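J.: Questions regarding the structure given below will be posed in turn.
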Amino acid sequence: MRHWHRHILIEICYPKAVTMSTSLENEERETEGAEPNVVRRSPGTGSSWPTTPLSASNSTVTFNEQSSLTANEQPFDTYFADEKIQIPESESKIFSFRKFWAFTGPGFLMSIAYLDPGNIESDLQSGTVANYQLLWILMWATVLGLVMQRLSARLGVVTGLHLAEVCYRQYPRVPRLLLWIMVEIAIIGSDMQEVIGTSIALYLLSNKAIPLWGGVLITIADTFTFLALDRYGLRKLEAFFGFLIAVMAVTFGYEYGVTKPDQYKVIQGLFIPRCVNCDNAALLQAIGIIGAVIMPHNLYLHSALVKSRDVDRKKKEAVSEANKYFFIEATVALFVSFIINVFVVSVFASGLYHVTNQEVRNNCISQNNTHGDIFPPNDEYVDADLYKAGVFLGCTFGVACMYIWAVGILAAGQSSTMTGTYVGQFAMEGFLNLRWKRWQRILLTRTVAILPTFFIAFYK
């Protein structure tokens, strides 16, 4: 009885698989002269689940991944079919660091979506517009994101299918195609932000030598280059993503240390839900924080990434253990991303809240910063973005801060654009049961995202 909730979850997510699996088992047992498994119902719930087979291996129902596919359709495993991380044995039933290390990877790749240039810009704008007062929204949006990512990971572990594959098997053609189109739009929209963020970083690092439109073109080549890393193995690719997250933590943490925000106000903003004297811009920014953190296509990504671990889904203990370690890893990863986001909000709450364009322009002139002309000579409050934020840091705290900021944005743009390519591949092969080569997938999404971005950058 203690496992009934798991069976209900499986039936909700994958009802046809449960029905077919139970039918196949009944046929086999009837052939052998044994009593068939019956589908029982939980008292008072109306939900059904197959009884757990009694066997020496204590295995659960075996799901048939052919379910809901036509005779002409063949399922294929996702990108991780050729290389799955083996889970080591351990005597400890509570926690094993060796096992935790084996499960570490998918959560950190997933957390990069919480650190893309769009999120960073949302953070700095919330600090500029509302001071520290929206930090509590950022915190609870991250908690909500963790809950949704946990459900996404559990789906991948329990069923052996990622979210797009489940949708393909459970939804009729029209709603399935509509879902796929919406996911693709979300991916392309995020990709545009990542391309722009990378271009701004290169513009700052080259001191205007590389124009914005040139940075847009460079992002095409560098994405192909970085994605070639997966040829060296999944763990090396995960390590590279971990390195990029570390770069963001160090660079944005450095900015936090240099600007020295008021620690009491940071704590107050995190734990006191209020927004005193907030206008419509602050309200809009609060909604923007939630939209930047909760990214629907990230659920498809996480449910696919957990398939990279070799989990024996026939054993309830193995599935339960995988869910536990994936949840711990996702918690740690999102905590790291949350701290980085708090760094960014606090830096600009301390430095740009109710600061005018003229004030920043005067600082740039005194520092002989060639980027200072981006601030018009007026007394309006600064309308911050990624570029202005970097220039402000360089003019106020030294040119090194501007370059360090640009390195952090470059790491954010490169890491998120690669994970965006992966989720695009998972969505396409899941919703359409169609596999493309990765370079073809990059070419498609990048073409759609880069064309409008290029013209905006070129003519601006």
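How things are named: the first chain in the structure tokens is A, the next is B, and so on; residues count from 1 in each chain; ligands count from 1 in the order shown.
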For Tyr403 (chain A), list every protein, DNA or RNA residue within 8 Å, evaluated using only C-alpha atoms, and leave out those in the same chain fewer than 5 positions away; present the list as a ChimeraX atom specification.
T.: /A:204-205,390,394
J.: Neighbours of region 248-264 of chain A within 9 Å (only C-alpha atoms; same-chain residues fewer than 4 positions away dropped), as an MDAnalysis selection string?
T.: chainID A and resid 115 243:244 268:269 336:337 339:341 343:344 346:351 393 397 401 404:412
J.: Looking at A:Trp140, A:Leu444, A:Ser96, A:Pro117, which one is nearest to Ile290 (chain A), with distances taken over only C-alpha atoms?
T.: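 Checking each candidate against Ile290 (chain A), we get A:Trp140 as the closest.
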J.: With distances taken over only C-alpha atoms, which residue among A:Asn357, A:Ser366, A:Ser122, A:Asn298 lies nearest Val183 (chain A)?
T.: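 Of A:Asn357, A:Ser366, A:Ser122, A:Asn298, the one nearest Val183 (chain A) is A:Asn298, counting only C-alpha atoms.
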J.: State, in Å with one decimal place, the distance from CA of Lys388 (chain A) to CA of Ile210 (chain A).
T.: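 Between CA of Lys388 (chain A) and CA of Ile210 (chain A) the gap works out to 16.9 Å.
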J.: Could you check which of A:Val143, A:Leu386, A:Val423, A:Leu134 is closest to Tyr300 (chain A), using only C-alpha atoms?
T.: A:Val423
J.: Just list the residues in region 288-446 of chain A DSSP gives alpha helix (DSSP H) on the backbone, as a short mmCIF file (atom, residue, chain, number, x, y, z; two decimals) with C-alpha atoms, in the first residue's frame.
T.:
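Listing of out29.cif after writing:
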data_model
loop_
_atom_site.label_atom_id
_atom_site.label_comp_id
_atom_site.auth_asym_id
_atom_site.auth_seq_id
_atom_site.Cartn_x
_atom_site.Cartn_y
_atom_site.Cartn_z
CA GLY A 288 8.97 39.60 -15.49
CA ILE A 289 10.98 37.89 -12.73
CA ILE A 290 8.50 35.01 -12.59
CA GLY A 291 8.46 34.72 -16.38
CA ALA A 292 12.26 34.75 -16.56
CA VAL A 293 12.67 32.05 -13.89
CA PRO A 296 8.41 25.86 -19.73
CA HIS A 297 10.88 24.40 -22.20
CA ASN A 298 13.27 23.78 -19.30
CA LEU A 299 10.89 21.07 -18.07
CA TYR A 300 11.38 19.19 -21.33
CA LEU A 301 15.14 19.54 -20.93
CA HIS A 302 15.33 18.22 -17.37
CA SER A 303 13.10 15.22 -18.04
CA ALA A 304 15.44 14.24 -20.89
CA LEU A 305 18.72 14.89 -19.09
CA LYS A 316 11.55 0.27 -7.02
CA GLU A 317 14.54 0.94 -4.80
CA ALA A 318 16.64 2.09 -7.76
CA VAL A 319 13.91 4.44 -9.01
CA SER A 320 13.32 5.87 -5.54
CA GLU A 321 17.04 6.37 -5.04
CA ALA A 322 17.42 8.12 -8.40
CA ASN A 323 14.54 10.47 -7.60
CA LYS A 324 16.14 11.30 -4.26
CA TYR A 325 19.59 12.09 -5.63
CA PHE A 326 18.25 14.03 -8.62
CA PHE A 327 16.15 16.14 -6.26
CA ILE A 328 19.15 16.86 -4.00
CA GLU A 329 21.25 17.79 -7.01
CA ALA A 330 18.54 20.04 -8.45
CA THR A 331 18.21 21.76 -5.06
CA VAL A 332 21.94 22.45 -4.88
CA ALA A 333 22.07 23.64 -8.51
CA LEU A 334 19.12 26.00 -8.17
CA PHE A 335 20.48 27.32 -4.89
CA VAL A 336 23.71 28.24 -6.67
CA SER A 337 21.78 29.92 -9.49
CA PHE A 338 19.63 31.75 -6.95
CA ILE A 339 22.70 33.14 -5.16
CA ILE A 340 24.11 34.38 -8.48
CA ASN A 341 20.80 36.06 -9.29
CA VAL A 342 20.77 37.69 -5.84
CA PHE A 343 24.28 39.01 -6.55
CA VAL A 344 23.08 40.73 -9.72
CA VAL A 345 19.91 42.22 -8.18
CA SER A 346 21.82 43.54 -5.18
CA VAL A 347 24.65 45.08 -7.22
CA PHE A 348 22.27 47.25 -9.23
CA ALA A 349 19.89 47.93 -6.36
CA SER A 350 22.89 49.40 -4.59
CA GLY A 351 24.35 51.22 -7.57
CA ASN A 357 21.69 59.29 -16.70
CA GLN A 358 23.62 62.51 -16.09
CA GLU A 359 25.21 61.16 -12.93
CA VAL A 360 26.51 58.04 -14.66
CA ARG A 361 27.61 60.09 -17.68
CA ASN A 362 29.66 62.38 -15.44
CA ASN A 363 31.37 59.35 -13.88
CA CYS A 364 32.21 58.01 -17.33
CA ILE A 365 33.70 61.34 -18.40
CA SER A 366 35.87 61.45 -15.28
CA LEU A 386 23.06 44.46 -20.12
CA TYR A 387 25.21 46.97 -21.99
CA LYS A 388 24.45 49.99 -19.81
CA ALA A 389 24.97 47.86 -16.71
CA GLY A 390 28.49 46.95 -17.79
CA VAL A 391 29.34 50.53 -18.70
CA PHE A 392 27.99 51.75 -15.35
CA LEU A 393 30.20 49.28 -13.47
CA GLY A 394 33.24 50.36 -15.47
CA CYS A 395 32.60 54.06 -14.93
CA THR A 396 31.80 53.75 -11.22
CA PHE A 397 34.07 50.99 -9.92
CA VAL A 399 37.25 49.47 -15.98
CA ALA A 400 38.12 46.01 -14.65
CA CYS A 401 34.55 45.64 -13.38
CA MET A 402 33.24 46.26 -16.89
CA TYR A 403 35.38 43.52 -18.39
CA ILE A 404 34.61 41.09 -15.57
CA TRP A 405 30.90 41.77 -16.10
CA ALA A 406 31.32 41.07 -19.82
CA VAL A 407 33.05 37.74 -19.08
CA GLY A 408 30.13 36.73 -16.87
CA ILE A 409 27.59 37.65 -19.56
CA LEU A 410 29.62 35.77 -22.17
CA ALA A 411 29.58 32.63 -19.98
CA ALA A 412 25.83 33.02 -19.45
CA GLY A 413 25.17 33.42 -23.16
CA GLN A 414 27.34 30.52 -24.28
CA SER A 415 26.08 28.04 -21.70
CA SER A 416 22.40 28.84 -22.18
CA THR A 417 22.58 28.81 -25.95
CA MET A 418 24.02 25.27 -25.89
CA THR A 419 21.36 23.95 -23.53
CA GLY A 420 18.78 25.67 -25.75
CA THR A 421 20.03 23.59 -28.66
CA TYR A 422 19.68 20.40 -26.64
CA VAL A 423 16.13 21.12 -25.55
CA GLY A 424 15.25 21.95 -29.15
CA GLN A 425 16.55 18.57 -30.23
CA PHE A 426 14.64 16.77 -27.46
CA ALA A 427 11.43 18.61 -28.31
CA MET A 428 11.67 17.83 -32.01
CA GLU A 429 12.50 14.15 -31.65
CA GLY A 430 9.93 13.76 -28.88
CA PHE A 431 6.92 15.59 -30.31
CA ARG A 438 22.64 18.34 -34.14
CA TRP A 439 24.22 20.68 -36.69
CA GLN A 440 20.94 20.72 -38.62
CA ARG A 441 19.05 21.55 -35.45
CA ILE A 442 21.45 24.39 -34.64
CA LEU A 443 21.17 25.73 -38.17
CA LEU A 444 17.37 25.83 -37.97
CA THR A 445 17.00 27.50 -34.58
CA ARG A 446 19.94 29.82 -35.09
#
J.: To one decimal in Å, tell me the separation between CA of Asn368 (chain A) and CA of Gly398 (chain A).
T.: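 One can read the CA of Asn368 (chain A) to CA of Gly398 (chain A) distance as 10.6 Å.
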